[in-house]
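Undergrad: Okay, here's the structure, questions in a sec.
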Protein chains: 2
Amino acid sequence: MDMIEILKPVLPSMLEVEERLTTDLSTRHEKIAEIILHVSRFKGKRFRPVLLLLSAQSCGKLVPQHLDLAVVVELVHIATLIHDDVIDEATVRRHVPSVNSIWGREISILLGDYIWSRGFTILASMDSQLSTYIMSQTVNIMCEGELIQLQRRYDLNLSEEDYMDIIEKKTASLCATSCRLGAMFAGANRKIQEALTRYGLKVGLAFQIVDDCLDIVGTEDEMGKSLSTDIKKGKLTLPLIKLVGSLPETSRKNTCRWIFQNFTTQDRASVLELFSEYEAVEYSFNKARRYAEEAKEEISILPDSEYKTSLLRLADYVVSRNR
Amino acid sequence: MDMIEILKPVLPSMLEVEERLTTDLSTRHEKIAEIILHVSRFKGKRFRPVLLLLSAQSCGKLVPQHLDLAVVVELVHIATLIHDDVIDEATVRRHVPSVNSIWGREISILLGDYIWSRGFTILASMDSQLSTYIMSQTVNIMCEGELIQLQRRYDLNLSEEDYMDIIEKKTASLCATSCRLGAMFAGANRKIQEALTRYGLKVGLAFQIVDDCLDIVGTEDEMGKSLSTDIKKGKLTLPLIKLVGSLPETSRKNTCRWIFQNFTTQDRASVLELFSEYEAVEYSFNKARRYAEEAKEEISILPDSEYKTSLLRLADYVVSRNR
């Protein structure tokens with residue numbers, strides 16, 4: 001299964017979103033335009049706009065605001081990616097060099113700010129205070145999640161519950177918001193809006209858990225971004241939390257220190273063996289699969305349509321992808 | 001003259017703004033609250049809220065939205081300061097250690113994002129798409145200014161005109177917006193709104209030129225922030241542009257390299273002597289003074305009041321301050 005297949009029912013709108021992403025970021029300033037051009041070459045999965053447009057069409061009609069909102073959720077996402085790459089010192093993003101690796105972290109910080117402010121200008125041009133409110137709240141929650149994650153680096157007491165709280169905030173919230181805005185502007189009733197919001201939340205949780213698994217067992221060629229940054233930066237993601245919990249308490253601290261130090265060196269293979277011994281990655285994938293299944297159940301109230309089919313497939317794709 | 005004297009007519013509102021800055025940033029998360037508490041100890045001049053409130057009262061009545069907006073302009077300003085300090089690797093801000101010097105640049109990047117998104121949540125809660133639009137546009141222009149400045153570091157061809165364009169974008173635009181929003185929500189007519197906007201723009205230009213002069217000749221004790229960061233980071237500010245233009249063309253490049261390399265070492269005194277020889281700082285202060293005078297002329301159409309008097313004094317303060 002491929003994203004191309006999934007987004008087919010909303011392909012014309014997605015092509016418009018693609019064009020808008022370039023035009024909405026345009027600037028008269030040559031030197032900035034050069035960087036923007038690079039960012040628009042970031043060919044991502046456009047996961048959030050797809051969620052928004054499929055949600056809209058699965059329960060109602062597409063209106064012009066949906067396109068604006070689809071552009072906004074992707075702009076906000078791109079802005080956070082650029083800031084995340086500075087934080088993680090990542091060198092590759094979406095198969096091309098990251099902004100920070102070419103222009104340095106100073107430019108990246110400002111470029112992130114530049115891009116989100118463009119997103120909010122689009123929001124303000126729409127006639128809906130509510131969507132501005134929802135988006136600014138979402139961004140705030142995303143930052144909160146990232147801040148908590150940073151504050152708890154190398155903290156071996158981070159529980160699975162803490163982890164779920166962090167990824168709900170930093171990733172799933174924007175997915176949920178994308179579905180919610182899609183349904184809201186399509187005129188769906190409250191029950192359907194809430195079902196799609198929960199669908200987005202659960203798909204987002206599944207997505208992030210898989211991302212965290214692939215950071216350990218994926219390949220950079222397939223993923224198109226720097227990997228192993230989590231462990232290198234002391235982030236405890238689900239596979240590592242599972243592993244830590246399985247280790248005998250007496251050796252826990254030393255083993256973790258060894259993992260943090262050796263994951264990107266030639267000892268990588270032995271670290272991977274340890275993950276494998278405790279089935280820590282498999283455990284995490286299973287958890288992601290459960291969330292994907294729950295996501296699918298959430299939208300059982302939707303009438304059958306090609307859009308609903310795509311939403312169901314999207315949930316499967318999220319947990320079967322290798323990139 | 002002191003800021004305390006100037007803000008006296010809007011003191012009760014400023015005290016409310018002060019309280020709101022703390023409550024509006026509050027969070028249930030202990031680890032984030034600790035950083036927020038530090039930021040709320042940043043006792044700045046609150047220059048932008050003062051501009052907004054004085055503008056409002058000089059031409060009309062204060063309404064509840066003015067308080068929201070005063071909080072928002074300060075939050076946006078604080079967010080940009082935090083990001084700027086990461087970019088400049090500054091260690092002191094408003095007399096206390098900068099966020100990046102205590103918690104590192106990762107936290108600072110996210111905290112900046114966290115704070116602006118809170119600001120936009122406040123904007124979205126107000127019933128005015130227009131103010132959200134104006135603010136997001138302003139932030140976008142501020143980023144554009146900062147990006148151009150960064151892109152043209154060490155560029156000896158940067159003209160005085162280029163410099164004025166940069167500082168108009170990165171600093172004066174938010175001052176102009178503060179005055180504009182103040183007047184707009186006070187119900188002032190278009191002519192007065194525009195006059196106050198131009199006043200804010202010119203005061204902002206004067207403010208930044210003086211800031212750039214003090215970065216060279218000020219003392220960190222008085223300024224309460226890291227200084228000499230401009231030249232250290234290759235930023236050509238007005239005094240340096242004036243100096244570069246005065247140097248004989250044959251030695252220009254070498255002299256500038258010497259200045260960039262030696263300004264923060266023991267050769268600092270000889271660099272300062274060079275600035276003094278060409279009266280480069282004096283030239284810049286004079287330019288700032290002219291903008292302050294023009295700012296005052298802009299508001300001659302306002303009726304006399306204690307608020308107008310404070311606006312006039314504020315323009316004088318901006319160019320006479322040593323911090």
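To be explicit about the labels: the chains of the structure tokens are called A, B, and onward in the order shown, and within each one the residues are counted from 1, while ligands get numbers from 1 in the order they are shown.
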Could you fit chain B onto chain A by least squares over every C-alpha atom, paired in order, and give me the moved chain as a tab-separated table (two decimals) with C-alpha atoms, in the first residue's frame?
TA:
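selection39.tsv, written as the output of this step:
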chain	number	residue	atom	x	y	z
B	1	MET	CA	-0.03	0.03	0.02
B	2	ASP	CA	1.22	3.45	-0.86
B	3	MET	CA	0.32	7.02	0.07
B	4	ILE	CA	-0.39	7.75	-3.61
B	5	GLU	CA	-3.17	5.15	-3.61
B	6	ILE	CA	-4.61	6.50	-0.36
B	7	LEU	CA	-4.70	10.14	-1.38
B	8	LYS	CA	-6.20	9.44	-4.82
B	9	PRO	CA	-9.73	10.57	-3.87
B	10	VAL	CA	-8.38	13.97	-2.78
B	11	LEU	CA	-5.64	14.22	-5.42
B	12	PRO	CA	-6.93	17.37	-7.18
B	13	SER	CA	-7.10	19.23	-3.85
B	14	MET	CA	-3.68	17.92	-2.83
B	15	LEU	CA	-2.19	19.28	-6.06
B	16	GLU	CA	-3.67	22.67	-5.20
B	17	VAL	CA	-2.23	22.42	-1.68
B	18	GLU	CA	1.16	21.64	-3.22
B	19	GLU	CA	0.98	24.75	-5.38
B	20	ARG	CA	-0.24	26.93	-2.53
B	21	LEU	CA	2.67	25.77	-0.31
B	22	THR	CA	5.01	27.39	-2.81
B	23	THR	CA	3.04	30.56	-3.57
B	24	ASP	CA	2.04	31.24	0.06
B	25	LEU	CA	5.67	31.21	1.16
B	26	SER	CA	6.90	33.39	-1.68
B	27	THR	CA	8.89	36.51	-0.88
B	28	ARG	CA	10.40	39.38	-2.81
B	29	HIS	CA	13.70	38.83	-1.02
B	30	GLU	CA	16.07	36.80	-3.17
B	31	LYS	CA	18.15	35.52	-0.28
B	32	ILE	CA	15.10	34.24	1.60
B	33	ALA	CA	13.48	32.89	-1.57
B	34	GLU	CA	16.47	30.62	-2.06
B	35	ILE	CA	15.89	28.93	1.31
B	36	ILE	CA	12.13	28.77	0.81
B	37	LEU	CA	12.72	27.03	-2.51
B	38	HIS	CA	14.77	24.41	-0.71
B	39	VAL	CA	12.04	23.88	1.87
B	40	SER	CA	9.40	23.50	-0.82
B	41	ARG	CA	11.54	20.66	-2.19
B	42	PHE	CA	10.90	18.82	1.10
B	43	LYS	CA	8.55	16.31	-0.43
B	44	GLY	CA	6.94	14.93	2.67
B	45	LYS	CA	4.04	12.55	2.97
B	46	ARG	CA	1.72	15.57	3.46
B	47	PHE	CA	0.10	13.35	6.04
B	48	ARG	CA	-1.75	16.16	7.86
B	49	PRO	CA	-3.33	17.84	4.79
B	50	VAL	CA	-4.42	14.40	3.58
B	51	LEU	CA	-6.02	13.70	6.97
B	52	LEU	CA	-7.82	17.04	6.81
B	53	LEU	CA	-9.14	16.66	3.27
B	54	LEU	CA	-10.17	13.01	3.65
B	55	SER	CA	-11.94	13.84	6.93
B	56	ALA	CA	-13.78	16.67	5.22
B	57	GLN	CA	-14.94	14.65	2.26
B	58	SER	CA	-15.80	11.57	4.29
B	59	CYS	CA	-18.55	13.47	6.08
B	60	GLY	CA	-19.49	16.42	3.92
B	61	LYS	CA	-18.52	18.74	1.13
B	62	LEU	CA	-15.19	20.42	0.49
B	63	VAL	CA	-15.32	24.22	0.91
B	64	PRO	CA	-12.60	26.74	-0.05
B	65	GLN	CA	-11.51	27.09	3.61
B	66	HIS	CA	-10.47	23.43	3.62
B	67	LEU	CA	-7.66	24.26	1.21
B	68	ASP	CA	-6.46	27.15	3.39
B	69	LEU	CA	-6.53	24.92	6.45
B	70	ALA	CA	-4.73	22.07	4.67
B	71	VAL	CA	-1.95	24.53	3.75
B	72	VAL	CA	-1.83	25.85	7.32
B	73	VAL	CA	-1.47	22.45	9.02
B	74	GLU	CA	1.38	21.56	6.65
B	75	LEU	CA	3.10	24.94	7.17
B	76	VAL	CA	2.89	24.55	10.95
B	77	HIS	CA	4.24	21.01	10.58
B	78	ILE	CA	7.13	22.18	8.36
B	79	ALA	CA	7.98	24.93	10.87
B	80	THR	CA	8.17	22.42	13.72
B	81	LEU	CA	10.29	20.04	11.59
B	82	ILE	CA	12.78	22.82	10.92
B	83	HIS	CA	13.03	23.67	14.63
B	84	ASP	CA	13.20	19.96	15.57
B	85	ASP	CA	16.08	19.42	13.17
B	86	VAL	CA	18.06	22.20	14.87
B	87	ILE	CA	17.33	20.63	18.24
B	88	ASP	CA	18.26	17.13	17.08
B	89	GLU	CA	21.18	18.40	14.96
B	90	ALA	CA	19.73	16.30	12.14
B	91	THR	CA	21.45	16.57	8.77
B	92	VAL	CA	18.90	14.99	6.44
B	93	ARG	CA	15.19	15.70	6.12
B	94	ARG	CA	12.83	14.32	3.51
B	95	HIS	CA	15.74	12.99	1.44
B	96	VAL	CA	17.51	16.36	1.11
B	97	PRO	CA	19.94	18.13	3.46
B	98	SER	CA	18.17	19.77	6.43
B	99	VAL	CA	17.96	23.57	6.54
B	100	ASN	CA	20.33	23.70	9.53
B	101	SER	CA	22.93	21.57	7.75
B	102	ILE	CA	23.09	24.02	4.83
B	103	TRP	CA	22.34	27.43	6.34
B	104	GLY	CA	23.08	26.85	10.03
B	105	ARG	CA	20.88	26.89	13.07
B	106	GLU	CA	20.40	30.66	13.19
B	107	ILE	CA	18.66	30.74	9.81
B	108	SER	CA	16.66	27.64	10.75
B	109	ILE	CA	15.27	29.20	13.91
B	110	LEU	CA	14.13	32.31	12.05
B	111	LEU	CA	12.84	30.36	9.08
B	112	GLY	CA	10.65	28.25	11.37
B	113	ASP	CA	9.21	31.46	12.86
B	114	TYR	CA	8.79	32.92	9.38
B	115	ILE	CA	6.83	29.89	8.18
B	116	TRP	CA	4.44	29.60	11.13
B	117	SER	CA	3.68	33.29	10.99
B	118	ARG	CA	2.73	32.86	7.32
B	119	GLY	CA	0.42	30.06	8.39
B	120	PHE	CA	-1.26	32.30	10.95
B	121	THR	CA	-1.64	35.06	8.38
B	122	ILE	CA	-3.62	32.62	6.23
B	123	LEU	CA	-5.74	31.67	9.26
B	124	ALA	CA	-6.41	35.32	10.04
B	125	SER	CA	-7.52	35.93	6.45
B	126	MET	CA	-10.21	33.29	6.82
B	127	ASP	CA	-13.38	34.33	8.56
B	128	SER	CA	-13.04	32.00	11.55
B	129	GLN	CA	-11.65	32.97	14.94
B	130	LEU	CA	-12.34	29.43	16.08
B	131	SER	CA	-9.86	27.84	13.70
B	132	THR	CA	-7.17	30.35	14.73
B	133	TYR	CA	-7.92	29.48	18.34
B	134	ILE	CA	-7.77	25.75	17.72
B	135	MET	CA	-4.50	26.05	15.80
B	136	SER	CA	-2.71	28.30	18.30
B	137	GLN	CA	-3.80	26.00	21.14
B	138	THR	CA	-2.55	23.01	19.18
B	139	VAL	CA	0.84	24.62	18.55
B	140	ASN	CA	1.06	25.48	22.24
B	141	ILE	CA	0.33	21.89	23.22
B	142	MET	CA	2.89	20.63	20.67
B	143	CYS	CA	5.56	22.88	22.24
B	144	GLU	CA	4.57	21.69	25.70
B	145	GLY	CA	5.06	18.08	24.59
B	146	GLU	CA	8.46	18.84	23.07
B	147	LEU	CA	9.52	20.79	26.16
B	148	ILE	CA	8.56	17.95	28.51
B	149	GLN	CA	10.39	15.50	26.26
B	150	LEU	CA	13.53	17.64	26.35
B	151	GLN	CA	13.34	18.16	30.10
B	152	ARG	CA	13.14	14.41	30.68
B	153	ARG	CA	16.02	13.31	28.51
B	154	TYR	CA	18.11	10.53	30.11
B	155	ASP	CA	15.39	10.16	32.76
B	156	LEU	CA	15.08	6.40	33.24
B	157	ASN	CA	11.97	6.91	35.36
B	158	LEU	CA	9.98	8.05	32.33
B	159	SER	CA	6.99	5.70	32.25
B	160	GLU	CA	5.04	4.41	29.28
B	161	GLU	CA	2.21	6.69	30.41
B	162	ASP	CA	4.53	9.73	30.44
B	163	TYR	CA	5.69	8.78	26.94
B	164	MET	CA	2.12	8.50	25.65
B	165	ASP	CA	1.35	11.93	27.10
B	166	ILE	CA	4.39	13.41	25.34
B	167	ILE	CA	3.62	11.95	21.90
B	168	GLU	CA	-0.07	12.80	22.21
B	169	LYS	CA	0.96	16.42	22.71
B	170	LYS	CA	3.84	16.72	20.27
B	171	THR	CA	2.44	14.68	17.34
B	172	ALA	CA	-1.07	13.33	17.75
B	173	SER	CA	-2.58	16.71	18.66
B	174	LEU	CA	-1.91	18.19	15.19
B	175	CYS	CA	-3.28	15.06	13.50
B	176	ALA	CA	-6.41	15.27	15.67
B	177	THR	CA	-6.75	18.97	14.86
B	178	SER	CA	-6.39	18.28	11.13
B	179	CYS	CA	-9.28	15.81	11.23
B	180	ARG	CA	-11.33	18.06	13.49
B	181	LEU	CA	-10.99	21.11	11.23
B	182	GLY	CA	-11.78	18.99	8.20
B	183	ALA	CA	-15.01	17.71	9.75
B	184	MET	CA	-15.94	21.05	11.29
B	185	PHE	CA	-15.77	22.99	8.02
B	186	ALA	CA	-17.61	20.21	6.18
B	187	GLY	CA	-20.54	20.89	8.48
B	188	ALA	CA	-20.43	17.51	10.23
B	189	ASN	CA	-22.43	17.10	13.42
B	190	ARG	CA	-20.68	17.06	16.80
B	191	LYS	CA	-20.70	13.26	17.09
B	192	ILE	CA	-18.92	12.83	13.78
B	193	GLN	CA	-16.52	15.68	14.51
B	194	GLU	CA	-15.54	13.99	17.75
B	195	ALA	CA	-15.20	10.57	16.15
B	196	LEU	CA	-12.88	11.95	13.47
B	197	THR	CA	-10.89	13.87	16.08
B	198	ARG	CA	-10.36	10.64	18.04
B	199	TYR	CA	-9.46	8.85	14.80
B	200	GLY	CA	-6.81	11.52	14.11
B	201	LEU	CA	-5.48	11.31	17.64
B	202	LYS	CA	-5.09	7.53	17.51
B	203	VAL	CA	-3.60	7.52	14.02
B	204	GLY	CA	-1.18	10.17	15.26
B	205	LEU	CA	-0.17	8.07	18.26
B	206	ALA	CA	0.36	5.02	16.03
B	207	PHE	CA	2.34	7.16	13.58
B	208	GLN	CA	4.71	8.46	16.27
B	209	ILE	CA	5.28	5.08	17.90
B	210	VAL	CA	6.21	3.63	14.50
B	211	ASP	CA	8.44	6.64	13.84
B	212	ASP	CA	10.20	5.97	17.13
B	213	CYS	CA	10.63	2.29	16.23
B	214	LEU	CA	12.02	3.19	12.80
B	215	ASP	CA	14.46	5.61	14.44
B	216	ILE	CA	16.02	2.46	15.89
B	217	VAL	CA	15.49	-0.23	13.25
B	218	GLY	CA	14.82	1.78	10.07
B	219	THR	CA	17.32	2.79	7.39
B	220	GLU	CA	18.10	6.39	6.53
B	221	ASP	CA	17.81	5.58	2.84
B	222	GLU	CA	14.19	4.54	3.19
B	223	MET	CA	13.21	7.10	5.83
B	224	GLY	CA	14.90	10.01	4.09
B	225	LYS	CA	15.92	11.64	7.36
B	226	SER	CA	18.60	11.39	10.03
B	227	LEU	CA	17.97	8.41	12.29
B	228	SER	CA	19.14	7.24	15.72
B	229	THR	CA	18.76	10.83	16.90
B	230	ASP	CA	16.45	9.81	19.75
B	231	ILE	CA	18.86	7.59	21.65
B	232	LYS	CA	21.80	9.79	20.69
B	233	LYS	CA	19.98	12.71	22.34
B	234	GLY	CA	18.87	10.73	25.39
B	235	LYS	CA	15.20	10.57	24.40
B	236	LEU	CA	13.43	7.61	25.93
B	237	THR	CA	10.97	6.37	23.33
B	238	LEU	CA	8.65	3.40	23.74
B	239	PRO	CA	11.09	0.65	22.65
B	240	LEU	CA	13.73	1.94	25.07
B	241	ILE	CA	11.20	2.37	27.90
B	242	LYS	CA	10.11	-1.24	27.36
B	243	LEU	CA	13.74	-2.37	27.35
B	244	VAL	CA	14.58	-0.40	30.50
B	245	GLY	CA	11.60	-1.94	32.29
B	246	SER	CA	12.73	-5.44	31.33
B	247	LEU	CA	16.30	-5.02	32.53
B	248	PRO	CA	17.24	-6.27	36.01
B	249	GLU	CA	17.22	-3.28	38.33
B	250	THR	CA	20.82	-3.76	39.44
B	251	SER	CA	22.30	-3.37	35.96
B	252	ARG	CA	19.68	-0.96	34.56
B	253	LYS	CA	21.67	2.25	34.94
B	254	ASN	CA	24.91	0.90	33.54
B	255	THR	CA	23.25	-0.86	30.63
B	256	CYS	CA	21.40	2.33	29.69
B	257	ARG	CA	24.60	4.36	29.84
B	258	TRP	CA	26.17	1.78	27.53
B	259	ILE	CA	23.20	2.02	25.13
B	260	PHE	CA	23.30	5.84	25.00
B	261	GLN	CA	27.03	5.76	24.36
B	262	ASN	CA	27.22	2.97	21.84
B	263	PHE	CA	24.13	3.13	19.66
B	264	THR	CA	25.77	5.05	16.86
B	265	THR	CA	29.20	3.46	17.10
B	266	GLN	CA	30.28	0.07	15.86
B	267	ASP	CA	28.57	-1.45	18.90
B	268	ARG	CA	25.22	-0.58	17.33
B	269	ALA	CA	24.67	-4.24	16.43
B	270	SER	CA	25.01	-5.39	20.04
B	271	VAL	CA	22.56	-2.71	21.18
B	272	LEU	CA	20.07	-3.86	18.54
B	273	GLU	CA	20.52	-7.42	19.78
B	274	LEU	CA	19.52	-6.31	23.25
B	275	PHE	CA	16.37	-4.64	21.88
B	276	SER	CA	15.63	-7.85	20.02
B	277	GLU	CA	16.23	-10.08	23.07
B	278	TYR	CA	13.53	-8.25	25.03
B	279	GLU	CA	11.26	-7.85	21.98
B	280	ALA	CA	11.09	-4.16	22.77
B	281	VAL	CA	10.57	-2.94	19.20
B	282	GLU	CA	8.04	-5.69	18.49
B	283	TYR	CA	6.14	-4.72	21.64
B	284	SER	CA	6.02	-1.12	20.43
B	285	PHE	CA	4.90	-2.03	16.91
B	286	ASN	CA	2.10	-4.09	18.46
B	287	LYS	CA	0.97	-1.15	20.53
B	288	ALA	CA	0.96	1.03	17.39
B	289	ARG	CA	-1.09	-1.60	15.57
B	290	ARG	CA	-3.66	-1.58	18.37
B	291	TYR	CA	-4.00	2.20	18.09
B	292	ALA	CA	-4.44	1.90	14.32
B	293	GLU	CA	-7.22	-0.66	14.85
B	294	GLU	CA	-8.91	1.57	17.42
B	295	ALA	CA	-8.64	4.51	15.01
B	296	LYS	CA	-10.47	2.49	12.38
B	297	GLU	CA	-13.21	1.57	14.83
B	298	GLU	CA	-13.71	5.23	15.70
B	299	ILE	CA	-14.92	6.02	12.19
B	300	SER	CA	-17.30	3.10	11.86
B	301	ILE	CA	-20.16	5.62	12.12
B	302	LEU	CA	-19.16	7.24	8.82
B	303	PRO	CA	-21.14	6.24	5.71
B	304	ASP	CA	-19.20	4.12	3.22
B	305	SER	CA	-17.30	6.11	0.61
B	306	GLU	CA	-13.96	6.12	-1.15
B	307	TYR	CA	-12.85	8.75	1.40
B	308	LYS	CA	-13.69	6.52	4.35
B	309	THR	CA	-11.87	3.65	2.64
B	310	SER	CA	-8.81	5.86	2.33
B	311	LEU	CA	-8.97	6.81	6.01
B	312	LEU	CA	-9.12	3.11	6.92
B	313	ARG	CA	-6.19	2.37	4.62
B	314	LEU	CA	-4.26	5.31	6.02
B	315	ALA	CA	-4.46	3.78	9.50
B	316	ASP	CA	-3.04	0.53	8.11
B	317	TYR	CA	-0.39	2.37	6.12
B	318	VAL	CA	0.86	4.21	9.21
B	319	VAL	CA	1.79	0.96	10.93
B	320	SER	CA	3.07	-0.91	7.89
B	321	ARG	CA	5.27	1.81	6.43
B	322	ASN	CA	9.03	1.57	6.48
B	323	ARG	CA	9.55	5.25	5.78
Undergrad: Which of range 142-245 of chain A end up as helix (DSSP H, G or I) when DSSP is run on this backbone - answer as a ChimeraX atom specification?
TA: /A:142-151,160-185,190-217,220-223,229-232,238-245
